[in-house]
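K.L.:
Coordinates in run.txt, compact mmCIF, N, CA and C atoms, are listed below.
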```txt
# COMPACT_ATOMS: atom_id res chain seq x y z
N MET A 1 -14.24 -14.17 203.79
CA MET A 1 -13.81 -14.85 202.59
C MET A 1 -14.27 -16.30 202.69
N ILE A 2 -14.80 -16.85 201.62
CA ILE A 2 -15.27 -18.23 201.61
C ILE A 2 -14.49 -18.96 200.53
N GLU A 3 -13.91 -20.09 200.89
CA GLU A 3 -13.19 -20.91 199.92
C GLU A 3 -13.86 -22.28 199.90
N GLN A 4 -13.89 -22.92 198.75
CA GLN A 4 -14.47 -24.26 198.67
C GLN A 4 -13.46 -25.18 198.01
N GLU A 5 -13.08 -26.24 198.71
CA GLU A 5 -12.24 -27.28 198.14
C GLU A 5 -13.16 -28.34 197.60
N VAL A 6 -13.15 -28.51 196.29
CA VAL A 6 -14.08 -29.44 195.67
C VAL A 6 -13.78 -30.87 196.11
N GLY A 7 -12.50 -31.25 196.17
CA GLY A 7 -12.13 -32.61 196.55
C GLY A 7 -12.61 -32.97 197.93
N LYS A 8 -12.37 -32.15 198.92
CA LYS A 8 -12.73 -32.45 200.30
C LYS A 8 -14.12 -31.95 200.64
N GLN A 9 -14.71 -31.16 199.75
CA GLN A 9 -16.04 -30.62 199.94
C GLN A 9 -16.15 -29.86 201.26
N GLU A 10 -15.16 -29.04 201.51
CA GLU A 10 -15.17 -28.25 202.73
C GLU A 10 -15.36 -26.78 202.37
N VAL A 11 -16.08 -26.11 203.19
CA VAL A 11 -16.19 -24.66 203.05
C VAL A 11 -15.48 -24.07 204.25
N ILE A 12 -14.48 -23.29 203.98
CA ILE A 12 -13.73 -22.66 205.06
C ILE A 12 -14.07 -21.18 205.05
N ALA A 13 -14.63 -20.75 206.10
CA ALA A 13 -14.99 -19.33 206.18
C ALA A 13 -14.12 -18.67 207.23
N GLN A 14 -13.50 -17.58 206.84
CA GLN A 14 -12.70 -16.82 207.78
C GLN A 14 -13.56 -15.70 208.34
N GLU A 15 -12.95 -14.87 209.13
CA GLU A 15 -13.71 -13.83 209.80
C GLU A 15 -14.53 -13.01 208.84
N VAL A 16 -15.78 -12.80 209.19
CA VAL A 16 -16.69 -11.94 208.44
C VAL A 16 -17.14 -10.89 209.43
N GLY A 17 -16.63 -9.67 209.25
CA GLY A 17 -16.89 -8.66 210.26
C GLY A 17 -16.22 -9.12 211.53
N GLU A 18 -16.96 -9.28 212.61
CA GLU A 18 -16.40 -9.73 213.87
C GLU A 18 -16.80 -11.18 214.17
N GLN A 19 -17.53 -11.79 213.23
CA GLN A 19 -17.99 -13.15 213.46
C GLN A 19 -17.05 -14.13 212.77
N GLU A 20 -16.77 -15.26 213.39
CA GLU A 20 -15.97 -16.28 212.76
C GLU A 20 -16.84 -17.51 212.60
N VAL A 21 -16.81 -18.07 211.42
CA VAL A 21 -17.63 -19.24 211.12
C VAL A 21 -16.71 -20.45 211.07
N ASN A 22 -17.09 -21.53 211.75
CA ASN A 22 -16.28 -22.74 211.78
C ASN A 22 -16.35 -23.47 210.45
N ALA A 23 -15.26 -24.20 210.15
CA ALA A 23 -15.23 -25.01 208.94
C ALA A 23 -16.31 -26.08 209.05
N GLN A 24 -16.90 -26.39 207.92
CA GLN A 24 -18.00 -27.35 207.94
C GLN A 24 -17.97 -28.14 206.64
N GLU A 25 -18.17 -29.47 206.73
CA GLU A 25 -18.23 -30.29 205.54
C GLU A 25 -19.62 -30.20 204.95
N VAL A 26 -19.66 -30.08 203.62
CA VAL A 26 -20.94 -30.04 202.92
C VAL A 26 -20.82 -30.85 201.65
N SER A 27 -21.95 -31.28 201.14
CA SER A 27 -21.93 -32.00 199.87
C SER A 27 -21.77 -30.99 198.74
N GLU A 28 -21.42 -31.46 197.55
CA GLU A 28 -21.22 -30.54 196.43
C GLU A 28 -22.49 -29.77 196.12
N ALA A 29 -23.64 -30.38 196.34
CA ALA A 29 -24.90 -29.72 196.02
C ALA A 29 -25.25 -28.63 197.02
N GLU A 30 -24.71 -28.75 198.24
CA GLU A 30 -25.02 -27.75 199.25
C GLU A 30 -24.11 -26.54 199.10
N VAL A 31 -24.66 -25.41 199.25
CA VAL A 31 -23.89 -24.17 199.22
C VAL A 31 -24.26 -23.40 200.46
N ARG A 32 -23.26 -22.99 201.17
CA ARG A 32 -23.52 -22.23 202.39
C ARG A 32 -23.25 -20.77 202.11
N GLU A 33 -24.24 -19.94 202.31
CA GLU A 33 -24.09 -18.52 202.11
C GLU A 33 -24.08 -17.84 203.46
N ILE A 34 -23.18 -16.93 203.61
CA ILE A 34 -23.12 -16.16 204.83
C ILE A 34 -23.62 -14.77 204.49
N GLU A 35 -24.74 -14.41 205.06
CA GLU A 35 -25.30 -13.09 204.79
C GLU A 35 -24.78 -12.12 205.83
N VAL A 36 -24.32 -11.01 205.34
CA VAL A 36 -23.78 -9.98 206.22
C VAL A 36 -24.50 -8.68 205.87
N SER A 37 -25.13 -8.12 206.86
CA SER A 37 -25.82 -6.86 206.61
C SER A 37 -24.81 -5.74 206.45
N GLU A 38 -25.24 -4.60 205.83
CA GLU A 38 -24.35 -3.47 205.63
C GLU A 38 -23.81 -2.94 206.95
N GLU A 39 -24.62 -3.01 208.00
CA GLU A 39 -24.19 -2.51 209.30
C GLU A 39 -22.99 -3.28 209.82
N GLU A 40 -22.92 -4.60 209.54
CA GLU A 40 -21.81 -5.40 210.02
C GLU A 40 -20.53 -5.14 209.23
N VAL A 41 -20.65 -4.67 207.99
CA VAL A 41 -19.50 -4.50 207.13
C VAL A 41 -18.94 -3.09 207.15
N SER A 42 -19.77 -2.10 207.42
CA SER A 42 -19.42 -0.76 207.02
C SER A 42 -18.92 0.24 208.05
N PRO A 43 -18.14 -0.11 209.04
CA PRO A 43 -17.64 0.97 209.86
C PRO A 43 -16.71 1.90 209.08
N LEU A 44 -16.00 1.38 208.07
CA LEU A 44 -15.10 2.21 207.29
C LEU A 44 -15.63 2.49 205.90
N GLU A 45 -16.80 1.96 205.56
CA GLU A 45 -17.35 2.12 204.23
C GLU A 45 -17.81 3.55 203.98
N VAL A 46 -17.60 4.03 202.78
CA VAL A 46 -18.00 5.37 202.39
C VAL A 46 -19.50 5.37 202.10
N PRO A 47 -20.22 6.42 202.49
CA PRO A 47 -21.64 6.48 202.16
C PRO A 47 -21.84 6.31 200.66
N THR A 48 -22.90 5.61 200.29
CA THR A 48 -23.11 5.27 198.90
C THR A 48 -23.50 6.46 198.04
N ASN A 49 -24.13 7.47 198.60
CA ASN A 49 -24.55 8.60 197.79
C ASN A 49 -23.89 9.88 198.27
N LEU A 50 -22.69 10.12 197.78
CA LEU A 50 -22.00 11.37 198.11
C LEU A 50 -22.33 12.47 197.12
N GLU A 51 -22.92 12.10 195.98
CA GLU A 51 -23.17 13.10 194.94
C GLU A 51 -24.06 14.24 195.43
N THR A 52 -25.15 13.94 196.12
CA THR A 52 -26.07 14.98 196.57
C THR A 52 -25.41 15.97 197.53
N PRO A 53 -24.72 15.53 198.59
CA PRO A 53 -24.08 16.53 199.46
C PRO A 53 -22.94 17.28 198.77
N ILE A 54 -22.28 16.66 197.80
CA ILE A 54 -21.23 17.36 197.06
C ILE A 54 -21.86 18.48 196.22
N ILE A 55 -22.94 18.17 195.55
CA ILE A 55 -23.63 19.20 194.75
C ILE A 55 -24.13 20.31 195.65
N GLU A 56 -24.65 19.94 196.82
CA GLU A 56 -25.12 20.98 197.75
C GLU A 56 -24.00 21.93 198.14
N VAL A 57 -22.81 21.39 198.39
CA VAL A 57 -21.69 22.26 198.78
C VAL A 57 -21.21 23.08 197.58
N LEU A 58 -21.33 22.55 196.36
CA LEU A 58 -20.96 23.32 195.17
C LEU A 58 -21.88 24.53 194.98
N HIS A 59 -23.11 24.41 195.47
CA HIS A 59 -24.06 25.53 195.40
C HIS A 59 -23.63 26.68 196.32
N THR A 60 -22.63 26.46 197.16
CA THR A 60 -22.15 27.53 198.05
C THR A 60 -20.90 28.23 197.51
N CYS A 61 -20.46 27.83 196.32
CA CYS A 61 -19.28 28.42 195.69
C CYS A 61 -19.72 29.39 194.61
N PHE A 62 -19.19 30.60 194.66
CA PHE A 62 -19.60 31.64 193.72
C PHE A 62 -18.40 32.30 193.07
N ASP A 63 -18.59 32.69 191.83
CA ASP A 63 -17.68 33.63 191.19
C ASP A 63 -18.13 34.98 191.70
N PRO A 64 -17.27 35.75 192.36
CA PRO A 64 -17.72 37.00 192.98
C PRO A 64 -18.29 38.03 192.01
N GLU A 65 -18.02 37.87 190.72
CA GLU A 65 -18.53 38.82 189.73
C GLU A 65 -19.94 38.45 189.26
N ILE A 66 -20.38 37.24 189.55
CA ILE A 66 -21.68 36.76 189.07
C ILE A 66 -22.46 36.22 190.26
N PRO A 67 -23.67 36.72 190.50
CA PRO A 67 -24.43 36.29 191.69
C PRO A 67 -25.15 34.95 191.54
N VAL A 68 -24.49 33.99 190.90
CA VAL A 68 -25.06 32.65 190.71
C VAL A 68 -23.97 31.65 191.06
N ASP A 69 -24.33 30.56 191.74
CA ASP A 69 -23.31 29.58 192.14
C ASP A 69 -22.73 28.86 190.93
N ILE A 70 -21.55 28.28 191.13
CA ILE A 70 -20.82 27.67 190.02
C ILE A 70 -21.53 26.45 189.43
N TYR A 71 -22.33 25.76 190.22
CA TYR A 71 -23.04 24.60 189.71
C TYR A 71 -24.12 25.04 188.74
N GLU A 72 -24.90 26.04 189.13
CA GLU A 72 -25.98 26.55 188.26
C GLU A 72 -25.42 27.27 187.03
N LEU A 73 -24.22 27.86 187.16
CA LEU A 73 -23.57 28.49 186.01
C LEU A 73 -23.12 27.47 184.97
N GLY A 74 -23.05 26.20 185.37
CA GLY A 74 -22.60 25.17 184.45
C GLY A 74 -21.09 25.08 184.36
N LEU A 75 -20.41 25.50 185.42
CA LEU A 75 -18.94 25.44 185.43
C LEU A 75 -18.43 24.05 185.81
N ILE A 76 -19.30 23.20 186.37
CA ILE A 76 -18.90 21.85 186.77
C ILE A 76 -19.18 20.91 185.61
N TYR A 77 -18.13 20.34 185.06
CA TYR A 77 -18.27 19.43 183.92
C TYR A 77 -18.37 17.96 184.34
N GLY A 78 -17.88 17.64 185.52
CA GLY A 78 -17.96 16.25 185.95
C GLY A 78 -17.57 16.07 187.40
N ILE A 79 -18.24 15.12 188.06
CA ILE A 79 -17.93 14.75 189.44
C ILE A 79 -17.71 13.24 189.43
N ASP A 80 -16.49 12.82 189.75
CA ASP A 80 -16.15 11.40 189.78
C ASP A 80 -15.88 11.02 191.22
N ILE A 81 -16.71 10.12 191.75
CA ILE A 81 -16.60 9.70 193.14
C ILE A 81 -16.12 8.25 193.18
N GLN A 82 -14.97 8.04 193.79
CA GLN A 82 -14.40 6.70 193.93
C GLN A 82 -14.97 6.01 195.17
N PRO A 83 -15.03 4.68 195.19
CA PRO A 83 -15.51 3.96 196.38
C PRO A 83 -14.71 4.31 197.64
N SER A 84 -13.47 4.72 197.47
CA SER A 84 -12.63 5.07 198.62
C SER A 84 -13.01 6.43 199.21
N GLY A 85 -13.89 7.16 198.53
CA GLY A 85 -14.27 8.49 199.00
C GLY A 85 -13.50 9.61 198.34
N GLU A 86 -12.59 9.26 197.43
CA GLU A 86 -11.85 10.28 196.69
C GLU A 86 -12.77 10.87 195.64
N VAL A 87 -12.73 12.20 195.51
CA VAL A 87 -13.60 12.90 194.57
C VAL A 87 -12.74 13.71 193.61
N ASN A 88 -13.00 13.53 192.33
CA ASN A 88 -12.33 14.31 191.29
C ASN A 88 -13.38 15.14 190.58
N ILE A 89 -13.12 16.43 190.48
CA ILE A 89 -14.07 17.34 189.85
C ILE A 89 -13.41 17.98 188.65
N ARG A 90 -14.11 17.92 187.53
CA ARG A 90 -13.68 18.64 186.32
C ARG A 90 -14.52 19.89 186.24
N MET A 91 -13.86 21.02 186.19
CA MET A 91 -14.60 22.28 186.10
C MET A 91 -13.89 23.25 185.17
N THR A 92 -14.61 24.26 184.78
CA THR A 92 -14.04 25.32 183.98
C THR A 92 -14.38 26.65 184.63
N LEU A 93 -13.98 27.71 183.99
CA LEU A 93 -14.34 29.06 184.43
C LEU A 93 -14.99 29.76 183.24
N THR A 94 -15.58 30.90 183.48
CA THR A 94 -16.27 31.60 182.39
C THR A 94 -15.29 32.05 181.31
N SER A 95 -14.03 32.28 181.68
CA SER A 95 -12.99 32.61 180.68
C SER A 95 -11.63 32.31 181.29
N PRO A 96 -10.63 32.06 180.43
CA PRO A 96 -9.28 31.79 180.96
C PRO A 96 -8.72 32.95 181.77
N GLY A 97 -9.16 34.16 181.50
CA GLY A 97 -8.67 35.32 182.23
C GLY A 97 -9.48 35.65 183.47
N CYS A 98 -10.33 34.74 183.90
CA CYS A 98 -11.19 34.97 185.07
C CYS A 98 -10.33 35.29 186.29
N PRO A 99 -10.67 36.38 187.00
CA PRO A 99 -9.84 36.78 188.14
C PRO A 99 -9.79 35.77 189.29
N VAL A 100 -10.73 34.84 189.36
CA VAL A 100 -10.71 33.86 190.46
C VAL A 100 -10.07 32.53 190.04
N ALA A 101 -9.39 32.53 188.90
CA ALA A 101 -8.75 31.30 188.41
C ALA A 101 -7.77 30.72 189.43
N GLY A 102 -7.13 31.56 190.20
CA GLY A 102 -6.17 31.08 191.18
C GLY A 102 -6.78 30.66 192.49
N SER A 103 -7.98 31.14 192.80
CA SER A 103 -8.56 30.86 194.12
C SER A 103 -9.78 29.93 194.09
N LEU A 104 -10.60 30.01 193.05
CA LEU A 104 -11.85 29.24 193.04
C LEU A 104 -11.63 27.73 193.05
N PRO A 105 -10.72 27.18 192.25
CA PRO A 105 -10.51 25.72 192.33
C PRO A 105 -10.11 25.25 193.73
N GLY A 106 -9.27 26.01 194.41
CA GLY A 106 -8.87 25.66 195.78
C GLY A 106 -10.05 25.72 196.74
N GLU A 107 -10.92 26.71 196.58
CA GLU A 107 -12.11 26.82 197.41
C GLU A 107 -13.04 25.62 197.19
N VAL A 108 -13.19 25.22 195.92
CA VAL A 108 -14.03 24.05 195.60
C VAL A 108 -13.45 22.81 196.25
N GLU A 109 -12.14 22.58 196.12
CA GLU A 109 -11.50 21.42 196.76
C GLU A 109 -11.74 21.41 198.26
N GLU A 110 -11.54 22.55 198.89
CA GLU A 110 -11.69 22.65 200.34
C GLU A 110 -13.12 22.33 200.78
N LYS A 111 -14.08 22.89 200.08
CA LYS A 111 -15.48 22.66 200.46
C LYS A 111 -15.91 21.23 200.20
N VAL A 112 -15.48 20.64 199.09
CA VAL A 112 -15.84 19.25 198.80
C VAL A 112 -15.18 18.33 199.81
N ARG A 113 -13.94 18.61 200.19
CA ARG A 113 -13.22 17.80 201.18
C ARG A 113 -13.94 17.82 202.52
N SER A 114 -14.71 18.87 202.81
CA SER A 114 -15.41 18.98 204.09
C SER A 114 -16.68 18.13 204.16
N VAL A 115 -17.11 17.56 203.05
CA VAL A 115 -18.31 16.73 203.03
C VAL A 115 -18.01 15.41 203.74
N PRO A 116 -18.83 15.02 204.73
CA PRO A 116 -18.61 13.74 205.42
C PRO A 116 -18.59 12.58 204.43
N GLY A 117 -17.57 11.74 204.55
CA GLY A 117 -17.42 10.59 203.66
C GLY A 117 -16.41 10.84 202.54
N VAL A 118 -16.08 12.10 202.28
CA VAL A 118 -15.08 12.42 201.27
C VAL A 118 -13.71 12.31 201.94
N THR A 119 -12.83 11.51 201.34
CA THR A 119 -11.50 11.32 201.91
C THR A 119 -10.46 12.21 201.25
N ALA A 120 -10.72 12.62 200.02
CA ALA A 120 -9.80 13.51 199.30
C ALA A 120 -10.58 14.17 198.17
N ALA A 121 -10.14 15.36 197.78
CA ALA A 121 -10.78 16.06 196.68
C ALA A 121 -9.72 16.68 195.79
N LYS A 122 -9.95 16.59 194.50
CA LYS A 122 -9.03 17.17 193.53
C LYS A 122 -9.86 17.85 192.45
N VAL A 123 -9.50 19.08 192.10
CA VAL A 123 -10.18 19.81 191.05
C VAL A 123 -9.25 19.93 189.86
N GLU A 124 -9.76 19.54 188.70
CA GLU A 124 -9.03 19.70 187.46
C GLU A 124 -9.70 20.83 186.68
N LEU A 125 -8.96 21.86 186.40
CA LEU A 125 -9.46 23.01 185.65
C LEU A 125 -9.26 22.72 184.17
N VAL A 126 -10.35 22.71 183.40
CA VAL A 126 -10.28 22.38 181.97
C VAL A 126 -10.85 23.54 181.15
N TRP A 127 -10.41 23.62 179.92
CA TRP A 127 -10.87 24.70 179.03
C TRP A 127 -11.55 24.14 177.80
N ASP A 128 -11.64 22.84 177.70
CA ASP A 128 -12.27 22.23 176.54
C ASP A 128 -13.36 21.29 177.02
N PRO A 129 -14.59 21.48 176.68
CA PRO A 129 -15.08 22.55 175.83
C PRO A 129 -15.13 23.87 176.57
N PRO A 130 -14.98 24.96 175.84
CA PRO A 130 -15.06 26.26 176.51
C PRO A 130 -16.46 26.51 177.07
N TRP A 131 -16.50 27.21 178.18
CA TRP A 131 -17.79 27.54 178.79
C TRP A 131 -18.56 28.50 177.88
N CYS A 132 -19.88 28.32 177.83
CA CYS A 132 -20.74 29.26 177.13
C CYS A 132 -22.03 29.39 177.93
N MET A 133 -22.81 30.41 177.64
CA MET A 133 -24.02 30.68 178.42
C MET A 133 -25.04 29.55 178.32
N ASP A 134 -24.94 28.72 177.28
CA ASP A 134 -25.86 27.58 177.16
C ASP A 134 -25.67 26.57 178.28
N ASN A 135 -24.51 26.60 178.97
CA ASN A 135 -24.24 25.69 180.08
C ASN A 135 -25.07 26.03 181.33
N MET A 136 -25.55 27.25 181.41
CA MET A 136 -26.27 27.69 182.61
C MET A 136 -27.64 27.01 182.70
N SER A 137 -28.04 26.75 183.94
CA SER A 137 -29.37 26.20 184.17
C SER A 137 -30.42 27.29 183.90
N GLU A 138 -31.64 26.87 183.75
CA GLU A 138 -32.73 27.85 183.55
C GLU A 138 -32.85 28.76 184.77
N ALA A 139 -32.63 28.22 185.95
CA ALA A 139 -32.69 29.03 187.17
C ALA A 139 -31.64 30.12 187.14
N ALA A 140 -30.44 29.80 186.68
CA ALA A 140 -29.37 30.78 186.60
C ALA A 140 -29.71 31.87 185.59
N LYS A 141 -30.22 31.45 184.44
CA LYS A 141 -30.61 32.43 183.40
C LYS A 141 -31.71 33.34 183.92
N LEU A 142 -32.67 32.79 184.63
CA LEU A 142 -33.75 33.59 185.20
C LEU A 142 -33.20 34.58 186.23
N GLN A 143 -32.32 34.09 187.09
CA GLN A 143 -31.73 34.94 188.12
C GLN A 143 -30.93 36.09 187.52
N LEU A 144 -30.33 35.86 186.37
CA LEU A 144 -29.53 36.89 185.71
C LEU A 144 -30.36 37.71 184.72
N GLY A 145 -31.67 37.46 184.66
CA GLY A 145 -32.56 38.21 183.78
C GLY A 145 -32.32 37.94 182.32
N MET A 146 -31.99 36.71 181.94
CA MET A 146 -31.68 36.38 180.57
C MET A 146 -32.86 35.80 179.81
N PHE A 147 -34.06 35.86 180.36
CA PHE A 147 -35.25 35.36 179.65
C PHE A 147 -36.07 36.51 179.16
```
Please lay out the structure from this file as structure tokens.
P.N.:
Amino acid sequence: MIEQEVGKQEVIAQEVGEQEVNAQEVSEAEVREIEVSEEEVSPLEVPTNLETPIIEVLHTCFDPEIPVDIYELGLIYGIDIQPSGEVNIRMTLTSPGCPVAGSLPGEVEEKVRSVPGVTAAKVELVWDPPWCMDNMSEAAKLQLGMF
């Protein structure tokens, strides 16, 4: 943390990572910047790109009645990743009466939670908008012989 007292023209720097910077007088025109590399700051920092490994793990979740993963089926409506590593997923199922309605969201939470850097995972099951075949990727449609 850097504070500047305009009257005394002092810059007081407290601990930055493991380094401590001594107080130093400077003129108003002088500005002292303390550069800290990511390595010095981030022992507890969450990796910046969790989206790719989360999507990869979603490719391992299947509705047992359909031989295509839930991501390619278009069942994932949103992935919200917080800086703290908390992940919120909005997903749907092919129909409200889907037999895996009770188990698939829990499986998704468990698998997403296993991704390094994820501190918590929550799945919200939504029905609006309802799922339709237009949500499927071209790869999913090809795999299901829909072309």
K.L.:
Could you name the residues that touch Leu125 of chain A at 7 Å or less, counting only C-alpha atoms, but leaving out those on the same chain fewer than 2 positions away, as a ChimeraX atom specification?
P.N.:
/A:90-92,123,127
K.L.:
Can you work out which one of A:Val68, A:Ala120, A:Ile89, A:Cys98 has the shortest atom-to-atom distance to Ser137 of chain A, counting only C-alpha atoms?
P.N.:
A:Val68
K.L.:
Could you give me, as a ChimeraX atom specification, the residues that sit within 12 Å of (-17.4, 22.2, 182.5) in the file's coordinates, counting only C-alpha atoms?
P.N.:
/A:70-79,89-95,123-136
K.L.:
Please identify which residues in segment 74-145 of chain A DSSP calls alpha helix (DSSP H) from the backbone, and express them as a PyMOL selection string.
P.N.:
chain A and resi 104-113+138-143
K.L.:
Output N, CA and C atoms for every residue in that selection, as a PDB file, keeping the file's coordinate frame.
P.N.:
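Result file part_27.pdb:
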```pdb
ATOM      1  N   LEU A 104     -10.600  30.010 193.050  1.00  0.00           N
ATOM      2  CA  LEU A 104     -11.850  29.240 193.040  1.00  0.00           C
ATOM      3  C   LEU A 104     -11.630  27.730 193.050  1.00  0.00           C
ATOM      4  N   PRO A 105     -10.720  27.180 192.250  1.00  0.00           N
ATOM      5  CA  PRO A 105     -10.510  25.720 192.330  1.00  0.00           C
ATOM      6  C   PRO A 105     -10.110  25.250 193.730  1.00  0.00           C
ATOM      7  N   GLY A 106      -9.270  26.010 194.410  1.00  0.00           N
ATOM      8  CA  GLY A 106      -8.870  25.660 195.780  1.00  0.00           C
ATOM      9  C   GLY A 106     -10.050  25.720 196.740  1.00  0.00           C
ATOM     10  N   GLU A 107     -10.920  26.710 196.580  1.00  0.00           N
ATOM     11  CA  GLU A 107     -12.110  26.820 197.410  1.00  0.00           C
ATOM     12  C   GLU A 107     -13.040  25.620 197.190  1.00  0.00           C
ATOM     13  N   VAL A 108     -13.190  25.220 195.920  1.00  0.00           N
ATOM     14  CA  VAL A 108     -14.030  24.050 195.600  1.00  0.00           C
ATOM     15  C   VAL A 108     -13.450  22.810 196.250  1.00  0.00           C
ATOM     16  N   GLU A 109     -12.140  22.580 196.120  1.00  0.00           N
ATOM     17  CA  GLU A 109     -11.500  21.420 196.760  1.00  0.00           C
ATOM     18  C   GLU A 109     -11.740  21.410 198.260  1.00  0.00           C
ATOM     19  N   GLU A 110     -11.540  22.550 198.890  1.00  0.00           N
ATOM     20  CA  GLU A 110     -11.690  22.650 200.340  1.00  0.00           C
ATOM     21  C   GLU A 110     -13.120  22.330 200.780  1.00  0.00           C
ATOM     22  N   LYS A 111     -14.080  22.890 200.080  1.00  0.00           N
ATOM     23  CA  LYS A 111     -15.480  22.660 200.460  1.00  0.00           C
ATOM     24  C   LYS A 111     -15.910  21.230 200.200  1.00  0.00           C
ATOM     25  N   VAL A 112     -15.480  20.640 199.090  1.00  0.00           N
ATOM     26  CA  VAL A 112     -15.840  19.250 198.800  1.00  0.00           C
ATOM     27  C   VAL A 112     -15.180  18.330 199.810  1.00  0.00           C
ATOM     28  N   ARG A 113     -13.940  18.610 200.190  1.00  0.00           N
ATOM     29  CA  ARG A 113     -13.220  17.800 201.180  1.00  0.00           C
ATOM     30  C   ARG A 113     -13.940  17.820 202.520  1.00  0.00           C
ATOM     31  N   GLU A 138     -31.640  26.870 183.750  1.00  0.00           N
ATOM     32  CA  GLU A 138     -32.730  27.850 183.550  1.00  0.00           C
ATOM     33  C   GLU A 138     -32.850  28.760 184.770  1.00  0.00           C
ATOM     34  N   ALA A 139     -32.630  28.220 185.950  1.00  0.00           N
ATOM     35  CA  ALA A 139     -32.690  29.030 187.170  1.00  0.00           C
ATOM     36  C   ALA A 139     -31.640  30.120 187.140  1.00  0.00           C
ATOM     37  N   ALA A 140     -30.440  29.800 186.680  1.00  0.00           N
ATOM     38  CA  ALA A 140     -29.370  30.780 186.600  1.00  0.00           C
ATOM     39  C   ALA A 140     -29.710  31.870 185.590  1.00  0.00           C
ATOM     40  N   LYS A 141     -30.220  31.450 184.440  1.00  0.00           N
ATOM     41  CA  LYS A 141     -30.610  32.430 183.400  1.00  0.00           C
ATOM     42  C   LYS A 141     -31.710  33.340 183.920  1.00  0.00           C
ATOM     43  N   LEU A 142     -32.670  32.790 184.630  1.00  0.00           N
ATOM     44  CA  LEU A 142     -33.750  33.590 185.200  1.00  0.00           C
ATOM     45  C   LEU A 142     -33.200  34.580 186.230  1.00  0.00           C
ATOM     46  N   GLN A 143     -32.320  34.090 187.090  1.00  0.00           N
ATOM     47  CA  GLN A 143     -31.730  34.940 188.120  1.00  0.00           C
ATOM     48  C   GLN A 143     -30.930  36.090 187.520  1.00  0.00           C
TER      49      GLN A 143
END
```
K.L.:
Pick the closest to Thr52 of chain A from A:Gly145, A:Val108, A:Pro116, A:Pro96: which is it, counting only C-alpha atoms?
P.N.:
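Comparing A:Gly145, A:Val108, A:Pro116, A:Pro96 against Thr52 of chain A, the winner is A:Pro116.
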K.L.:
When you count only C-alpha atoms, which of these residues is closest to Ile81 of chain A: A:Asp69, A:Asp63, A:Glu51, A:Glu109?
P.N.:
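Smallest distance to Ile81 of chain A is found for A:Glu51.
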K.L.:
Just how far from atom CA of Phe147 of chain A is atom N of Val100 of chain A, in Å to one decimal?
P.N.:
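Those two atoms sit 26.4 Å apart.
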K.L.:
Pick out the closest residue to Gly117 of chain A from this set: A:Glu86, A:Glu56, A:Glu65, A:Glu138. Count only C-alpha atoms.
P.N.:
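Nearest to Gly117 of chain A: A:Glu86.
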K.L.:
Please compute the atom CA of Val112 of chain A-atom CA of Val57 of chain A distance, one decimal, in Å.
P.N.:
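Atom CA of Val57 of chain A lies at a distance of 6.6 Å from atom CA of Val112 of chain A.
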K.L.:
Using atom CA of Ser103 of chain A and atom CA of Leu142 of chain A as the two end points, give the distance in Å to one decimal.
P.N.:
26.9 Å
